[in-house]
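Okay, run.txt is below, compact mmCIF, C-alpha atoms:
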# COMPACT_ATOMS: atom_id res chain seq x y z
CA MET A 1 70.02 -124.28 145.80
CA GLU A 2 68.62 -122.15 148.58
CA THR A 3 65.80 -122.88 150.95
CA ILE A 4 63.95 -119.86 152.17
CA ASN A 5 62.31 -119.69 155.55
CA LEU A 6 62.28 -117.28 158.39
CA THR A 7 64.20 -119.16 161.05
CA SER A 8 67.16 -120.39 159.08
CA ILE A 9 69.37 -119.27 156.22
CA LYS A 10 70.76 -122.07 154.04
CA LYS A 11 73.37 -121.82 151.32
CA GLU A 12 74.92 -124.59 149.29
CA PHE A 13 77.61 -124.17 146.68
CA VAL A 14 80.70 -125.77 145.16
CA VAL A 15 84.19 -124.38 145.62
CA GLU A 16 86.95 -125.28 143.19
CA ALA A 17 89.45 -126.03 145.95
CA SER A 18 90.45 -129.04 148.03
CA GLN A 19 88.46 -129.82 151.17
CA GLN A 20 91.45 -128.86 153.31
CA ALA A 21 91.99 -125.54 151.51
CA ALA A 22 88.28 -124.70 151.72
CA PHE A 23 88.15 -125.49 155.44
CA GLU A 24 91.31 -123.60 156.28
CA VAL A 25 90.37 -120.50 154.30
CA PHE A 26 86.96 -120.49 155.96
CA THR A 27 88.32 -120.92 159.47
CA ARG A 28 91.80 -119.43 159.62
CA LYS A 29 91.43 -116.72 157.01
CA MET A 30 87.98 -115.45 157.90
CA ASP A 31 89.60 -112.05 158.32
CA LEU A 32 90.32 -111.96 154.58
CA TRP A 33 86.79 -112.73 153.39
CA TRP A 34 84.61 -111.16 156.09
CA PRO A 35 82.96 -107.95 154.79
CA ARG A 36 84.79 -105.14 156.68
CA THR A 37 81.62 -103.10 157.04
CA HIS A 38 79.92 -105.68 159.22
CA HIS A 39 80.88 -105.64 162.86
CA ILE A 40 79.45 -104.40 166.16
CA GLY A 41 82.61 -102.75 167.47
CA THR A 42 82.99 -99.16 168.62
CA SER A 43 85.46 -98.23 165.86
CA ALA A 44 86.52 -99.53 162.44
CA MET A 45 87.31 -103.24 162.27
CA THR A 46 90.92 -104.27 161.76
CA GLU A 47 90.63 -108.06 162.06
CA MET A 48 88.08 -110.88 162.36
CA VAL A 49 89.39 -113.83 164.36
CA VAL A 50 88.24 -117.43 164.89
CA GLU A 51 90.42 -119.32 167.36
CA PRO A 52 90.67 -122.68 165.57
CA TYR A 53 89.70 -125.15 168.32
CA LEU A 54 86.70 -126.23 170.39
CA ASN A 55 85.38 -123.33 172.50
CA GLY A 56 87.78 -120.94 170.72
CA ARG A 57 86.66 -117.32 170.64
CA TRP A 58 85.13 -115.66 167.56
CA TYR A 59 85.64 -111.91 167.72
CA SER A 60 86.65 -108.75 165.88
CA ARG A 61 89.51 -106.36 166.68
CA HIS A 62 89.16 -102.61 166.19
CA THR A 63 91.29 -99.53 165.53
CA ASP A 64 90.74 -98.21 169.07
CA GLY A 65 92.28 -101.41 170.48
CA SER A 66 88.96 -102.88 171.59
CA GLU A 67 87.55 -106.31 170.77
CA ALA A 68 83.94 -107.25 170.07
CA ASN A 69 82.74 -110.82 170.61
CA VAL A 70 80.70 -112.46 167.90
CA GLY A 71 80.51 -115.91 169.51
CA TYR A 72 82.63 -119.05 169.86
CA VAL A 73 83.49 -122.44 168.33
CA LEU A 74 80.89 -125.12 169.14
CA ASN A 75 82.36 -127.90 167.00
CA TYR A 76 85.70 -128.08 165.21
CA GLN A 77 86.35 -131.09 162.97
CA PRO A 78 89.00 -130.37 160.34
CA TYR A 79 88.39 -130.57 157.44
CA ASP A 80 84.74 -131.64 157.52
CA LEU A 81 82.80 -129.40 159.84
CA LEU A 82 82.85 -126.08 161.65
CA VAL A 83 80.01 -125.04 163.93
CA LEU A 84 80.10 -121.51 165.32
CA ALA A 85 77.83 -119.94 167.90
CA TRP A 86 76.60 -116.56 166.63
CA GLN A 87 75.66 -114.49 169.69
CA ILE A 88 74.78 -111.14 168.15
CA ASP A 89 71.13 -110.45 168.82
CA GLY A 90 68.49 -108.36 167.06
CA ASP A 91 69.76 -105.28 168.90
CA PHE A 92 73.22 -105.79 167.35
CA LYS A 93 74.72 -106.69 170.72
CA CYS A 94 76.63 -109.78 171.74
CA ASN A 95 74.41 -111.70 174.15
CA PRO A 96 76.23 -114.47 176.07
CA ASN A 97 72.91 -116.21 176.76
CA LEU A 98 72.05 -116.43 173.06
CA ILE A 99 73.25 -119.23 170.80
CA THR A 100 72.35 -119.40 167.13
CA GLU A 101 74.35 -121.99 165.23
CA VAL A 102 76.31 -121.25 162.09
CA VAL A 103 76.98 -124.72 160.66
CA THR A 104 79.38 -125.13 157.75
CA GLU A 105 80.02 -128.57 156.23
CA PHE A 106 82.81 -129.23 153.75
CA ILE A 107 82.21 -132.26 151.54
CA ALA A 108 85.02 -133.43 149.24
CA GLU A 109 83.65 -134.15 145.78
CA GLY A 110 87.04 -134.34 144.07
CA PRO A 111 90.69 -133.52 144.74
CA LYS A 112 89.98 -129.86 143.99
CA THR A 113 86.23 -129.72 144.35
CA THR A 114 84.41 -129.18 147.63
CA ARG A 115 80.71 -128.82 148.26
CA VAL A 116 79.93 -126.33 151.04
CA ARG A 117 76.69 -126.63 152.98
CA PHE A 118 76.09 -123.59 155.11
CA GLU A 119 73.25 -122.94 157.54
CA HIS A 120 72.62 -120.16 160.04
CA LYS A 121 69.98 -121.71 162.32
CA ASP A 122 67.60 -120.53 165.00
CA LEU A 123 67.20 -117.00 163.67
CA HIS A 124 63.94 -116.57 165.58
CA LYS A 125 66.10 -116.42 168.73
CA LEU A 126 67.79 -113.25 167.48
CA GLY A 127 64.61 -111.34 168.10
CA ASN A 128 64.21 -112.54 171.68
CA GLY A 129 63.87 -109.81 174.24
CA LYS A 130 62.97 -106.29 173.38
CA VAL A 131 62.10 -106.81 169.75
CA VAL A 132 59.52 -109.50 170.43
CA GLU A 133 58.14 -107.95 173.60
CA SER A 134 57.37 -104.78 171.72
CA MET A 135 55.40 -106.57 169.08
CA ASP A 136 51.80 -107.40 169.78
CA LYS A 137 51.83 -110.91 168.44
CA GLY A 138 55.50 -111.66 168.09
CA TRP A 139 57.15 -113.97 165.66
CA GLY A 140 54.22 -116.36 165.31
CA GLU A 141 52.30 -113.90 163.25
CA ILE A 142 55.31 -112.85 161.22
CA MET A 143 56.09 -116.46 160.41
CA ASN A 144 52.50 -117.08 159.36
CA VAL A 145 52.59 -114.06 157.10
CA TYR A 146 55.90 -115.18 155.71
CA LYS A 147 54.67 -118.73 155.10
CA GLN A 148 51.64 -117.42 153.23
CA PHE A 149 53.96 -115.27 151.17
CA ALA A 150 56.34 -118.15 150.54
CA ASP A 151 53.54 -120.54 149.57
CA GLN A 152 52.10 -118.21 146.95
CA MET B 1 61.39 -105.32 150.84
CA ASN B 2 64.75 -103.65 150.64
CA SER B 3 66.76 -105.57 153.20
CA GLN B 4 70.03 -103.94 152.27
CA LEU B 5 68.60 -100.56 153.21
CA ALA B 6 67.52 -101.99 156.55
CA PHE B 7 70.96 -103.38 157.23
CA ASN B 8 72.69 -100.16 156.28
CA ALA B 9 70.23 -98.12 158.30
CA LEU B 10 71.09 -100.08 161.44
CA GLY B 11 74.82 -99.78 160.77
CA ASP B 12 74.75 -96.36 162.45
CA PRO B 13 74.91 -96.30 166.29
CA THR B 14 72.48 -93.37 166.66
CA ARG B 15 69.94 -95.07 164.43
CA ARG B 16 70.36 -98.30 166.40
CA ALA B 17 69.71 -96.28 169.59
CA ILE B 18 66.54 -94.82 168.07
CA PHE B 19 65.43 -98.25 166.86
CA GLU B 20 65.96 -99.65 170.37
CA LYS B 21 63.99 -96.81 171.96
CA LEU B 22 61.05 -97.48 169.67
CA GLN B 23 61.07 -101.13 170.71
CA HIS B 24 59.61 -100.02 174.04
CA ARG B 25 56.73 -97.97 172.64
CA PRO B 26 55.75 -95.62 169.80
CA MET B 27 57.15 -92.11 170.39
CA ALA B 28 57.01 -88.52 169.15
CA VAL B 29 60.23 -86.94 167.81
CA VAL B 30 60.71 -84.89 170.98
CA ASP B 31 60.68 -88.07 173.11
CA ILE B 32 62.99 -89.88 170.74
CA ALA B 33 65.49 -87.00 170.77
CA ASN B 34 65.39 -86.81 174.57
CA GLY B 35 68.62 -88.31 175.96
CA LEU B 36 70.30 -88.71 172.58
CA PRO B 37 73.56 -86.76 172.07
CA VAL B 38 72.47 -85.31 168.72
CA SER B 39 70.38 -82.34 167.60
CA ARG B 40 66.66 -82.52 166.79
CA PRO B 41 67.28 -81.98 163.05
CA ALA B 42 69.83 -84.81 163.13
CA VAL B 43 67.27 -87.06 164.84
CA SER B 44 64.74 -86.17 162.14
CA GLN B 45 67.27 -87.09 159.48
CA HIS B 46 67.94 -90.44 161.16
CA LEU B 47 64.20 -91.10 161.40
CA LYS B 48 63.90 -90.42 157.70
CA VAL B 49 66.57 -93.04 156.94
CA LEU B 50 64.91 -95.62 159.22
CA LYS B 51 61.55 -94.90 157.61
CA GLU B 52 62.97 -95.27 154.10
CA ALA B 53 64.48 -98.59 155.18
CA LYS B 54 60.96 -99.62 156.28
CA LEU B 55 62.15 -100.29 159.83
CA ILE B 56 59.76 -97.72 161.30
CA ASN B 57 56.41 -96.15 160.36
CA LEU B 58 55.11 -92.64 160.84
CA LYS B 59 51.54 -92.10 161.98
CA THR B 60 49.73 -88.90 162.88
CA VAL B 61 47.81 -88.76 166.15
CA GLY B 62 46.03 -85.41 166.54
CA ASN B 63 48.71 -82.85 165.78
CA ASN B 64 51.56 -85.18 166.69
CA ASN B 65 53.77 -87.26 164.47
CA ILE B 66 54.36 -90.59 166.17
CA TYR B 67 56.99 -93.09 165.08
CA GLU B 68 56.59 -96.83 165.66
CA LEU B 69 58.40 -100.01 164.63
CA ASN B 70 57.45 -101.57 161.33
CA ARG B 71 56.99 -105.30 161.84
CA GLU B 72 57.84 -106.07 158.26
CA GLY B 73 61.15 -104.39 158.98
CA ILE B 74 61.98 -107.11 161.48
CA VAL B 75 61.60 -109.62 158.68
CA ALA B 76 63.87 -107.30 156.71
CA MET B 77 66.56 -107.89 159.34
CA ARG B 78 66.44 -111.59 158.58
CA ASN B 79 66.73 -110.77 154.91
CA TYR B 80 69.61 -108.47 155.73
CA LEU B 81 71.47 -111.37 157.34
CA ASP B 82 70.70 -113.48 154.28
CA LYS B 83 72.25 -110.85 152.02
CA PHE B 84 75.20 -110.49 154.36
CA TRP B 85 76.00 -114.21 154.17
CA ASP B 86 75.64 -114.13 150.37
CA ASP B 87 78.31 -111.44 150.18
CA ALA B 88 80.57 -113.05 152.77
CA LEU B 89 80.35 -116.54 151.23
CA ALA B 90 81.02 -115.19 147.74
CA ASN B 91 84.21 -113.61 149.13
CA PHE B 92 85.10 -116.89 150.82
CA LYS B 93 84.60 -118.91 147.62
CA ALA B 94 86.78 -116.53 145.60
CA LEU B 95 89.54 -116.59 148.20
CA ALA B 96 89.49 -120.40 148.59
CA GLU B 97 89.75 -120.86 144.81
CA GLN B 98 92.56 -118.31 144.60
CA THR B 99 94.39 -120.07 147.46
CA GLU B 100 94.01 -123.42 145.69
CA LYS B 101 95.48 -122.04 142.45
CA GLN B 102 98.50 -120.61 144.28
CA LYS B 103 99.42 -123.92 145.92

Show me the file's structure as structure tokens.
Amino acid sequence: METINLTSIKKEFVVEASQQAAFEVFTRKMDLWWPRTHHIGTSAMTEMVVEPYLNGRWYSRHTDGSEANVGYVLNYQPYDLLVLAWQIDGDFKCNPNLITEVVTEFIAEGPKTTRVRFEHKDLHKLGNGKVVESMDKGWGEIMNVYKQFADQ
Amino acid sequence: MNSQLAFNALGDPTRRAIFEKLQHRPMAVVDIANGLPVSRPAVSQHLKVLKEAKLINLKTVGNNNIYELNREGIVAMRNYLDKFWDDALANFKALAEQTEKQK
């Protein structure tokens, strides 16, 4: 089931894998499931890394040897919970003053069945700065329009 | 709204630069091209892609074509992120299930 609103993206689904396997694939093997086309580096992406501990870095490595920060680990509780700070703003730049939370919960429903609750919160913050300043009425109006649309 | 188009459109650094410029104010092509390391025809091509992605609008003022941000396009960016996570999480699910089977 998905809930649609403008400031948060929620996903919930069941994975046919143990809670530990689901958590470890999500955290330690992000490189293997992250879409290669999506990064903010200066050259092609070679690796996506989450350092698996509190305050660990979340970043991508690139063919020219550079690294591009995505954010960092806000909460690390194997095998129940991972909270990442996503710091890429609406200009596709990493902004150290920006924190939007990417919360992923892993709930064991059986030995090989895990429910995953995913939420990317605070999306309105991504537009802070230039995007909002340039708009006459900012996000308030957009959200109203969106609510009307969603309520129809 | 085609959010995938919006996401792809902003995947190009020149188009991101144009998009950022237009966040300050609406501009004519000549002003947009000014300072960018690409030719005018290339800028026009990029503008076409941004327009098709509904991230910018074209309006005519007198004899000038002026480009401005499309507010709906900002919502499209949110939808872009939504689509991105759908793709990423589908990959994750497949990999986790494959990993479980191989244990």

Can you check which parts of chain B lie within 6 Å of chain A? Per residue, the shortest pair of atoms and distance in Å to one decimal, counting all atoms listed in the file, sorted by chain and number, as a tab-separated table.
residue	atom	partner	partner_atom	distance
B:Gln23	CA	A:Ser134	CA	5.3
B:His24	CA	A:Ser134	CA	5.7
B:Ala88	CA	A:Trp34	CA	5.6
B:Asn91	CA	A:Trp33	CA	5.1
B:Phe92	CA	A:Trp33	CA	5.2
B:Lys93	CA	A:Val15	CA	5.8
B:Ala96	CA	A:Ala22	CA	5.5
B:Glu97	CA	A:Ala17	CA	5.3
B:Glu100	CA	A:Ala17	CA	5.3

(request) Figure out the distance between CA of Leu84 in chain A and CA of Trp58 in chain A, please, to one decimal in Å. (result) 8.0 Å

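One distance worth recording is that between CA of Thr100 in chain A and CA of Lys125 in chain A, which is 7.1 Å.
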
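Among the candidates B:Ile18, B:Val49, B:Lys54, B:Asp12, the one nearest to Leu36 in chain B when counting only C-alpha atoms is B:Ile18.
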
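Taking CA of Val73 in chain A as the reference point, CA of Asp89 in chain A is found at 17.2 Å.
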
(message) Would you pick out the contacts of Thr14 in chain B at 10 Å or less, using all atoms listed in the file, so that residues sharing its chain but fewer than 6 positions from it are not included, and give the list as a PyMOL selection string?
(response) chain B and resi 20+36-38+42-43+46

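Of the residues under consideration (B:Val30, B:Lys21, B:Glu52, B:Ser44), B:Glu52 shows the shortest atom-to-atom contact distance to Ala9 in chain B when counting all atoms listed in the file.
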